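Q: Next comes my_file-v2.cif, mmCIF, C-alpha atoms, pLDDT in the B column; chains and numbers go by the auth columns:
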```cif
data_entry
loop_
_atom_site.group_PDB
_atom_site.id
_atom_site.type_symbol
_atom_site.label_atom_id
_atom_site.label_comp_id
_atom_site.label_asym_id
_atom_site.label_seq_id
_atom_site.Cartn_x
_atom_site.Cartn_y
_atom_site.Cartn_z
_atom_site.B_iso_or_equiv
_atom_site.auth_seq_id
_atom_site.auth_asym_id
ATOM 1 C CA ALA A 1 5.063 -58.396 -0.057 94.00 1 A
ATOM 2 C CA ARG A 2 7.841 -55.799 -0.090 95.00 2 A
ATOM 3 C CA ALA A 3 5.450 -53.033 -1.187 96.00 3 A
ATOM 4 C CA ILE A 4 3.056 -53.964 1.619 96.00 4 A
ATOM 5 C CA ASP A 5 5.868 -53.951 4.176 97.00 5 A
ATOM 6 C CA ASP A 6 7.125 -50.602 2.842 96.00 6 A
ATOM 7 C CA ALA A 7 3.637 -49.069 3.071 97.00 7 A
ATOM 8 C CA LEU A 8 3.205 -50.259 6.662 97.00 8 A
ATOM 9 C CA ALA A 9 6.605 -48.795 7.504 97.00 9 A
ATOM 10 C CA MET A 10 5.610 -45.480 5.888 96.00 10 A
ATOM 11 C CA GLU A 11 2.532 -45.335 8.082 97.00 11 A
ATOM 12 C CA ALA A 12 4.644 -46.140 11.163 97.00 12 A
ATOM 13 C CA ASP A 13 7.011 -43.323 10.165 97.00 13 A
ATOM 14 C CA GLY A 14 4.129 -40.813 10.069 96.00 14 A
ATOM 15 C CA ALA A 15 2.617 -40.952 6.580 94.00 15 A
ATOM 16 C CA ASP A 16 -0.888 -39.476 6.484 94.00 16 A
ATOM 17 C CA ILE A 17 -1.879 -41.258 3.249 94.00 17 A
ATOM 18 C CA VAL A 18 -0.437 -44.252 1.400 96.00 18 A
ATOM 19 C CA ASP A 19 -0.660 -43.860 -2.386 96.00 19 A
ATOM 20 C CA VAL A 20 -0.265 -46.983 -4.538 97.00 20 A
ATOM 21 C CA GLY A 21 0.479 -46.686 -8.240 96.00 21 A
ATOM 22 C CA GLY A 22 1.454 -49.168 -10.918 95.00 22 A
ATOM 23 C CA GLU A 23 2.236 -46.958 -13.905 93.00 23 A
ATOM 24 C CA SER A 24 5.150 -44.571 -14.296 87.00 24 A
ATOM 25 C CA THR A 25 4.276 -40.950 -15.008 82.00 25 A
ATOM 26 C CA ARG A 26 7.861 -39.751 -15.365 79.00 26 A
ATOM 27 C CA PRO A 27 8.564 -37.564 -18.396 75.00 27 A
ATOM 28 C CA GLY A 28 8.621 -39.654 -21.558 76.00 28 A
ATOM 29 C CA ALA A 29 6.847 -42.639 -19.984 81.00 29 A
ATOM 30 C CA ASP A 30 4.525 -44.743 -22.109 85.00 30 A
ATOM 31 C CA SER A 31 1.094 -45.791 -20.897 90.00 31 A
ATOM 32 C CA ILE A 32 0.483 -49.420 -19.957 93.00 32 A
ATOM 33 C CA PRO A 33 -2.674 -51.503 -20.402 96.00 33 A
ATOM 34 C CA ALA A 34 -5.219 -51.420 -17.571 96.00 34 A
ATOM 35 C CA ASP A 35 -4.919 -55.164 -16.932 97.00 35 A
ATOM 36 C CA VAL A 36 -1.157 -54.860 -16.399 97.00 36 A
ATOM 37 C CA GLU A 37 -1.614 -51.889 -14.066 97.00 37 A
ATOM 38 C CA ALA A 38 -4.339 -53.690 -12.112 98.00 38 A
ATOM 39 C CA ALA A 39 -2.146 -56.784 -11.731 97.00 39 A
ATOM 40 C CA ARG A 40 0.549 -54.577 -10.204 97.00 40 A
ATOM 41 C CA VAL A 41 -1.586 -52.624 -7.726 98.00 41 A
ATOM 42 C CA LEU A 42 -4.485 -54.807 -6.640 98.00 42 A
ATOM 43 C CA PRO A 43 -2.435 -57.355 -4.648 98.00 43 A
ATOM 44 C CA VAL A 44 -0.815 -54.474 -2.754 98.00 44 A
ATOM 45 C CA ILE A 45 -4.127 -52.752 -2.025 98.00 45 A
ATOM 46 C CA GLN A 46 -5.728 -56.027 -0.976 97.00 46 A
ATOM 47 C CA GLY A 47 -2.762 -56.716 1.294 97.00 47 A
ATOM 48 C CA LEU A 48 -3.032 -53.287 2.916 97.00 48 A
ATOM 49 C CA ALA A 49 -6.831 -53.035 3.224 95.00 49 A
ATOM 50 C CA GLY A 50 -7.828 -53.305 6.843 93.00 50 A
ATOM 51 C CA ARG A 51 -4.212 -53.126 8.029 96.00 51 A
ATOM 52 C CA LEU A 52 -3.637 -49.389 7.568 95.00 52 A
ATOM 53 C CA ARG A 53 -5.145 -46.751 9.838 95.00 53 A
ATOM 54 C CA VAL A 54 -4.461 -44.010 7.259 97.00 54 A
ATOM 55 C CA PRO A 55 -6.365 -43.628 3.984 97.00 55 A
ATOM 56 C CA LEU A 56 -5.269 -45.767 1.048 97.00 56 A
ATOM 57 C CA SER A 57 -5.081 -44.051 -2.326 97.00 57 A
ATOM 58 C CA ILE A 58 -4.924 -45.470 -5.850 98.00 58 A
ATOM 59 C CA ASP A 59 -2.803 -43.473 -8.294 97.00 59 A
ATOM 60 C CA THR A 60 -4.349 -44.147 -11.708 98.00 60 A
ATOM 61 C CA THR A 61 -5.937 -42.490 -14.712 97.00 61 A
ATOM 62 C CA LYS A 62 -7.968 -45.569 -15.644 98.00 62 A
ATOM 63 C CA ALA A 63 -11.528 -45.989 -14.384 98.00 63 A
ATOM 64 C CA THR A 64 -11.412 -49.794 -14.435 98.00 64 A
ATOM 65 C CA VAL A 65 -8.310 -49.802 -12.228 98.00 65 A
ATOM 66 C CA ALA A 66 -9.838 -47.180 -9.911 98.00 66 A
ATOM 67 C CA ARG A 67 -13.077 -49.152 -9.546 98.00 67 A
ATOM 68 C CA ALA A 68 -11.237 -52.375 -8.702 98.00 68 A
ATOM 69 C CA ALA A 69 -8.946 -50.577 -6.237 98.00 69 A
ATOM 70 C CA LEU A 70 -11.881 -48.863 -4.513 98.00 70 A
ATOM 71 C CA GLU A 71 -13.649 -52.213 -4.228 98.00 71 A
ATOM 72 C CA ALA A 72 -10.435 -53.702 -2.783 98.00 72 A
ATOM 73 C CA GLY A 73 -10.130 -51.063 -0.044 97.00 73 A
ATOM 74 C CA ALA A 74 -8.784 -47.792 -1.445 98.00 74 A
ATOM 75 C CA SER A 75 -10.736 -44.677 -0.446 98.00 75 A
ATOM 76 C CA ILE A 76 -9.000 -42.018 -2.572 98.00 76 A
ATOM 77 C CA VAL A 77 -8.402 -41.834 -6.321 98.00 77 A
ATOM 78 C CA ASN A 78 -5.309 -39.829 -7.294 98.00 78 A
ATOM 79 C CA ASP A 79 -5.752 -38.940 -10.991 97.00 79 A
ATOM 80 C CA ILE A 80 -2.860 -37.042 -12.577 94.00 80 A
ATOM 81 C CA SER A 81 -5.087 -36.159 -15.530 95.00 81 A
ATOM 82 C CA GLY A 82 -7.681 -34.320 -13.439 96.00 82 A
ATOM 83 C CA LEU A 83 -10.365 -36.638 -14.890 97.00 83 A
ATOM 84 C CA ALA A 84 -9.349 -35.747 -18.453 95.00 84 A
ATOM 85 C CA TYR A 85 -8.083 -39.100 -19.753 95.00 85 A
ATOM 86 C CA ASP A 86 -10.976 -41.441 -18.982 97.00 86 A
ATOM 87 C CA ASP A 87 -14.585 -40.251 -19.218 96.00 87 A
ATOM 88 C CA GLU A 88 -15.684 -42.971 -16.791 98.00 88 A
ATOM 89 C CA MET A 89 -13.367 -41.908 -13.966 98.00 89 A
ATOM 90 C CA GLY A 90 -15.659 -39.187 -12.596 98.00 90 A
ATOM 91 C CA PRO A 91 -18.691 -41.486 -12.418 98.00 91 A
ATOM 92 C CA VAL A 92 -16.593 -44.214 -10.746 98.00 92 A
ATOM 93 C CA VAL A 93 -15.403 -41.758 -8.064 98.00 93 A
ATOM 94 C CA ALA A 94 -18.918 -40.374 -7.584 98.00 94 A
ATOM 95 C CA GLU A 95 -20.520 -43.812 -7.322 98.00 95 A
ATOM 96 C CA ALA A 96 -17.981 -44.898 -4.682 98.00 96 A
ATOM 97 C CA ARG A 97 -18.276 -41.568 -2.844 98.00 97 A
ATOM 98 C CA ALA A 98 -14.506 -41.584 -2.783 98.00 98 A
ATOM 99 C CA ALA A 99 -12.202 -38.644 -2.318 98.00 99 A
ATOM 100 C CA VAL A 100 -10.304 -37.591 -5.422 98.00 100 A
ATOM 101 C CA VAL A 101 -7.040 -35.776 -6.060 98.00 101 A
ATOM 102 C CA LEU A 102 -7.173 -33.834 -9.321 98.00 102 A
ATOM 103 C CA MET A 103 -3.724 -32.926 -10.576 96.00 103 A
ATOM 104 C CA HIS A 104 -2.825 -30.250 -13.107 94.00 104 A
ATOM 105 C CA MET A 105 -1.032 -31.512 -16.174 93.00 105 A
ATOM 106 C CA ARG A 106 -1.179 -30.855 -19.878 92.00 106 A
ATOM 107 C CA GLY A 107 -0.802 -33.633 -22.398 85.00 107 A
ATOM 108 C CA ARG A 108 0.440 -37.053 -21.376 84.00 108 A
ATOM 109 C CA PRO A 109 3.707 -38.012 -19.694 79.00 109 A
ATOM 110 C CA ARG A 110 5.250 -39.013 -23.007 81.00 110 A
ATOM 111 C CA GLU A 111 5.047 -35.453 -24.393 84.00 111 A
ATOM 112 C CA MET A 112 3.948 -33.225 -21.538 83.00 112 A
ATOM 113 C CA TYR A 113 6.823 -30.744 -21.847 82.00 113 A
ATOM 114 C CA ALA A 114 5.636 -29.800 -25.317 84.00 114 A
ATOM 115 C CA HIS A 115 2.666 -28.213 -23.483 87.00 115 A
ATOM 116 C CA ALA A 116 4.755 -26.231 -20.970 83.00 116 A
ATOM 117 C CA ALA A 117 3.883 -22.779 -22.327 90.00 117 A
ATOM 118 C CA TYR A 118 2.103 -20.396 -19.970 93.00 118 A
ATOM 119 C CA GLY A 119 1.102 -16.745 -19.989 93.00 119 A
ATOM 120 C CA ASP A 120 0.850 -16.645 -16.186 95.00 120 A
ATOM 121 C CA VAL A 121 1.515 -20.138 -14.858 95.00 121 A
ATOM 122 C CA VAL A 122 -0.286 -19.586 -11.536 95.00 122 A
ATOM 123 C CA ALA A 123 -3.395 -18.131 -13.202 95.00 123 A
ATOM 124 C CA ASP A 124 -3.377 -20.844 -15.876 96.00 124 A
ATOM 125 C CA VAL A 125 -2.995 -23.663 -13.337 97.00 125 A
ATOM 126 C CA SER A 126 -5.765 -22.124 -11.218 97.00 126 A
ATOM 127 C CA THR A 127 -8.127 -21.847 -14.179 97.00 127 A
ATOM 128 C CA GLU A 128 -7.410 -25.375 -15.396 96.00 128 A
ATOM 129 C CA LEU A 129 -7.708 -26.945 -11.929 97.00 129 A
ATOM 130 C CA SER A 130 -10.969 -25.074 -11.332 97.00 130 A
ATOM 131 C CA ALA A 131 -12.248 -26.593 -14.585 97.00 131 A
ATOM 132 C CA ALA A 132 -11.220 -30.050 -13.317 97.00 132 A
ATOM 133 C CA VAL A 133 -13.158 -29.453 -10.076 98.00 133 A
ATOM 134 C CA ASP A 134 -16.196 -28.436 -12.151 97.00 134 A
ATOM 135 C CA ARG A 135 -15.743 -31.548 -14.316 96.00 135 A
ATOM 136 C CA ALA A 136 -15.770 -33.716 -11.175 98.00 136 A
ATOM 137 C CA ALA A 137 -18.869 -31.976 -9.797 98.00 137 A
ATOM 138 C CA ALA A 138 -20.658 -32.460 -13.133 98.00 138 A
ATOM 139 C CA CYS A 139 -20.090 -36.203 -12.700 97.00 139 A
ATOM 140 C CA GLY A 140 -21.660 -36.142 -9.238 98.00 140 A
ATOM 141 C CA VAL A 141 -18.481 -35.936 -7.158 98.00 141 A
ATOM 142 C CA ASP A 142 -19.065 -33.947 -3.966 97.00 142 A
ATOM 143 C CA ARG A 143 -16.811 -30.851 -4.101 96.00 143 A
ATOM 144 C CA GLY A 144 -16.001 -31.500 -0.451 97.00 144 A
ATOM 145 C CA GLN A 145 -14.289 -34.720 -1.548 97.00 145 A
ATOM 146 C CA VAL A 146 -11.970 -32.948 -4.014 98.00 146 A
ATOM 147 C CA ILE A 147 -8.316 -32.140 -3.384 97.00 147 A
ATOM 148 C CA VAL A 148 -6.237 -30.409 -6.044 98.00 148 A
ATOM 149 C CA ASP A 149 -2.579 -30.887 -6.920 97.00 149 A
ATOM 150 C CA PRO A 150 -0.765 -28.190 -8.940 97.00 150 A
ATOM 151 C CA GLY A 151 1.344 -30.873 -10.615 93.00 151 A
ATOM 152 C CA ILE A 152 4.837 -29.703 -9.754 92.00 152 A
ATOM 153 C CA GLY A 153 7.114 -30.826 -12.594 87.00 153 A
ATOM 154 C CA PHE A 154 4.247 -32.038 -14.793 89.00 154 A
ATOM 155 C CA ALA A 155 4.141 -30.058 -18.052 88.00 155 A
ATOM 156 C CA LYS A 156 6.068 -27.368 -16.200 90.00 156 A
ATOM 157 C CA ARG A 157 9.632 -26.224 -16.657 89.00 157 A
ATOM 158 C CA SER A 158 11.718 -25.450 -13.563 88.00 158 A
ATOM 159 C CA GLU A 159 10.726 -21.782 -13.536 92.00 159 A
ATOM 160 C CA HIS A 160 7.029 -22.721 -13.754 93.00 160 A
ATOM 161 C CA SER A 161 7.293 -25.131 -10.831 91.00 161 A
ATOM 162 C CA TYR A 162 9.114 -22.560 -8.682 91.00 162 A
ATOM 163 C CA ARG A 163 6.479 -19.902 -9.447 94.00 163 A
ATOM 164 C CA VAL A 164 3.663 -22.263 -8.534 95.00 164 A
ATOM 165 C CA LEU A 165 5.384 -23.269 -5.286 94.00 165 A
ATOM 166 C CA ALA A 166 5.868 -19.609 -4.379 95.00 166 A
ATOM 167 C CA GLN A 167 2.155 -18.925 -4.878 95.00 167 A
ATOM 168 C CA LEU A 168 0.551 -21.947 -3.193 96.00 168 A
ATOM 169 C CA PRO A 169 -1.606 -19.903 -0.758 94.00 169 A
ATOM 170 C CA ALA A 170 -2.983 -17.767 -3.601 93.00 170 A
ATOM 171 C CA LEU A 171 -3.623 -20.882 -5.665 94.00 171 A
ATOM 172 C CA ALA A 172 -5.517 -22.572 -2.829 93.00 172 A
ATOM 173 C CA ASP A 173 -7.592 -19.431 -2.262 94.00 173 A
ATOM 174 C CA ALA A 174 -8.430 -19.104 -5.961 94.00 174 A
ATOM 175 C CA ILE A 175 -9.576 -22.716 -6.321 95.00 175 A
ATOM 176 C CA GLY A 176 -11.187 -23.053 -2.906 95.00 176 A
ATOM 177 C CA ARG A 177 -10.029 -26.620 -2.353 96.00 177 A
ATOM 178 C CA PRO A 178 -7.258 -28.148 -0.233 95.00 178 A
ATOM 179 C CA LEU A 179 -3.913 -28.611 -1.972 95.00 179 A
ATOM 180 C CA LEU A 180 -1.745 -31.682 -2.151 94.00 180 A
ATOM 181 C CA VAL A 181 1.781 -30.897 -3.366 92.00 181 A
ATOM 182 C CA GLY A 182 4.401 -33.476 -4.290 82.00 182 A
ATOM 183 C CA PRO A 183 7.768 -31.841 -5.000 72.00 183 A
ATOM 184 C CA SER A 184 9.969 -34.649 -3.668 66.00 184 A
ATOM 185 C CA ARG A 185 12.665 -36.040 -5.946 60.00 185 A
ATOM 186 C CA LYS A 186 11.575 -33.866 -8.849 56.00 186 A
ATOM 187 C CA SER A 187 14.257 -33.117 -11.406 58.00 187 A
ATOM 188 C CA PHE A 188 13.515 -29.365 -11.364 55.00 188 A
ATOM 189 C CA LEU A 189 15.028 -29.172 -7.869 56.00 189 A
ATOM 190 C CA GLN A 190 18.429 -29.872 -9.434 58.00 190 A
ATOM 191 C CA ARG A 191 18.139 -27.319 -12.227 54.00 191 A
ATOM 192 C CA SER A 192 18.613 -23.581 -12.356 50.00 192 A
ATOM 193 C CA GLU A 193 17.356 -22.852 -15.891 47.00 193 A
#
```
Would you mind writing the file's structure down as structure tokens?
A:
Amino acid sequence: ARAIDDALAMEADGADIVDVGGESTRPGADSIPADVEAARVLPVIQGLAGRLRVPLSIDTTKATVARAALEAGASIVNDISGLAYDDEMGPVVAEARAAVVLMHMRGRPREMYAHAAYGDVVADVSTELSAAVDRAAACGVDRGQVIVDPGIGFAKRSEHSYRVLAQLPALADAIGRPLLVGPSRKSFLQRSE
């Protein structure tokens, strides 16, 4: 009930999208079973469906959770893995004709910083996000339904995140898709490595 009330308040305060997630993706976080994640998010999505005027998004990397959330009223899938963790996610998004946010990340939250080595972080993120867009299209997802997220703080050290933020227009131009960027409350904002 509190999550539903908070989401309605976010919309009233001007949110353009409400994103519901049930699994932590903070650095070092372990994955949880799909049934546990679904039990956390589905009551919230069901409670918000039909009450929000803004789109409702499910933040998950699991196709079974995404399918259930889409059936319950979500219209966007926000996948931090860029469709890399679950081979069924692309077909689920395509079948539902949902929008999808494909985020850039390497590895999994538990060990993502071990993969934070880049030649040119902006070029590498662009190349890897373009591959994620192609992966979605190969599953039947309409490219017009794809939004990309450069994954600020995900498998990126502070200097990587700052470089990506400084080059957002070039990144958007290179990929040819709208960007969603989530830098709020990221630990890199407190560091000067």
Q: Using the chain letters and residue numbers of this document, give as a list in words the residues selected by the PyMOL selection byres ((chain A and resi 41) around 10).
A: Ala3, Val20, Gly21, Gly22, Glu23, Val36, Glu37, Ala38, Ala39, Arg40, Leu42, Pro43, Val44, Ile45, Gln46, Gly47, Ile58, Asp59, Thr60, Val65, Ala68 and Ala69 of chain A
Q: Would you mind reading off the distance between CA of Arg163 (chain A) and CA of Val121 (chain A), one decimal, in Å?
A: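 Going from CA of Arg163 (chain A) over to CA of Val121 (chain A) covers 7.3 Å.
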Q: Could you tell me how far CA of Leu171 (chain A) sits from CA of Val100 (chain A), in Å to one decimal place?
A: 18.0 Å
Q: Carefully work through the PyMOL selection byres ((chain A and resi 139) around 10) for this structure and note down the residues it includes, as JSON, numbers by chain.
A: {"A": [83, 87, 88, 89, 90, 91, 92, 93, 94, 95, 134, 135, 136, 137, 138, 140, 141, 142]}
Q: Go ahead and fit an axis-aligned box to every listed atom of region 34-39 of chain A plus 4 Å each side, and pass me the centre and edge lengths in Å, one decimal, as AutoDock Vina command-line options.
A:
```
--center_x -3.2 --center_y -54.1 --center_z -14.7 --size_x 12.1 --size_y 13.4 --size_z 13.8
```
Q: Could you write out as a PDB file with C-alpha atoms, in the coordinates of the input the residues that the PyMOL selection byres ((chain A and resi 180) around 8) matches in the shown file?
A:
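Dumped to selection_6.pdb:
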```pdb
ATOM      1  CA  VAL A 101      -7.040 -35.776  -6.060  1.00 98.00           C
ATOM      2  CA  ILE A 147      -8.316 -32.140  -3.384  1.00 97.00           C
ATOM      3  CA  VAL A 148      -6.237 -30.409  -6.044  1.00 98.00           C
ATOM      4  CA  ASP A 149      -2.579 -30.887  -6.920  1.00 97.00           C
ATOM      5  CA  PRO A 150      -0.765 -28.190  -8.940  1.00 97.00           C
ATOM      6  CA  PRO A 178      -7.258 -28.148  -0.233  1.00 95.00           C
ATOM      7  CA  LEU A 179      -3.913 -28.611  -1.972  1.00 95.00           C
ATOM      8  CA  VAL A 181       1.781 -30.897  -3.366  1.00 92.00           C
ATOM      9  CA  GLY A 182       4.401 -33.476  -4.290  1.00 82.00           C
TER      10      GLY A 182
END
```
Q: Can you work out the spacing between CA of Arg26 (chain A) and CA of Met112 (chain A) in Å, to one decimal?
A: 9.8 Å
Q: Scan for residues within 10 Å of the point (-1.9, -30.2, -20.4) in the coordinates of the file, using only C-alpha atoms, and reply as a PyMOL selection string.
A: chain A and resi 81-82+84+104-109+111-117+125+128+154-156
Q: Of the candidates A:His160, A:Arg51, A:Arg67, A:Lys62, which one gets nearest to Ile4 (chain A) if we count all atoms listed in the file?
A: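 Among the listed residues, the smallest separation from Ile4 (chain A) belongs to A:Arg51.
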Q: Please write as a list in words the list of polymer residues whose atoms come within 10 Å of (-7.9, -23.1, -7.8), counting only C-alpha atoms and keeping to the coordinates of the file.
A: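 Those within range, by chain then number, are Val122, Ala123, Asp124, Val125, Ser126, Thr127, Glu128, Leu129, Ser130, Ala131, Ala132, Val133, Val148, Asp149, Pro150, Leu168, Pro169, Ala170, Leu171, Ala172, Asp173, Ala174, Ile175, Gly176, Arg177, Pro178 and Leu179 of chain A.
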Q: Looking at A:Arg143, A:Gly73, A:Leu102, A:Tyr118, which one is nearest to Arg157 (chain A), with distances taken over all atoms listed in the file?
A: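 Nearest to Arg157 (chain A): A:Tyr118.
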Q: Using all atoms listed in the file, find the one residue out of A:Ala9, A:Ile76, A:Ser24, A:Leu70 that sits nearest to Leu52 (chain A).
A: A:Ala9
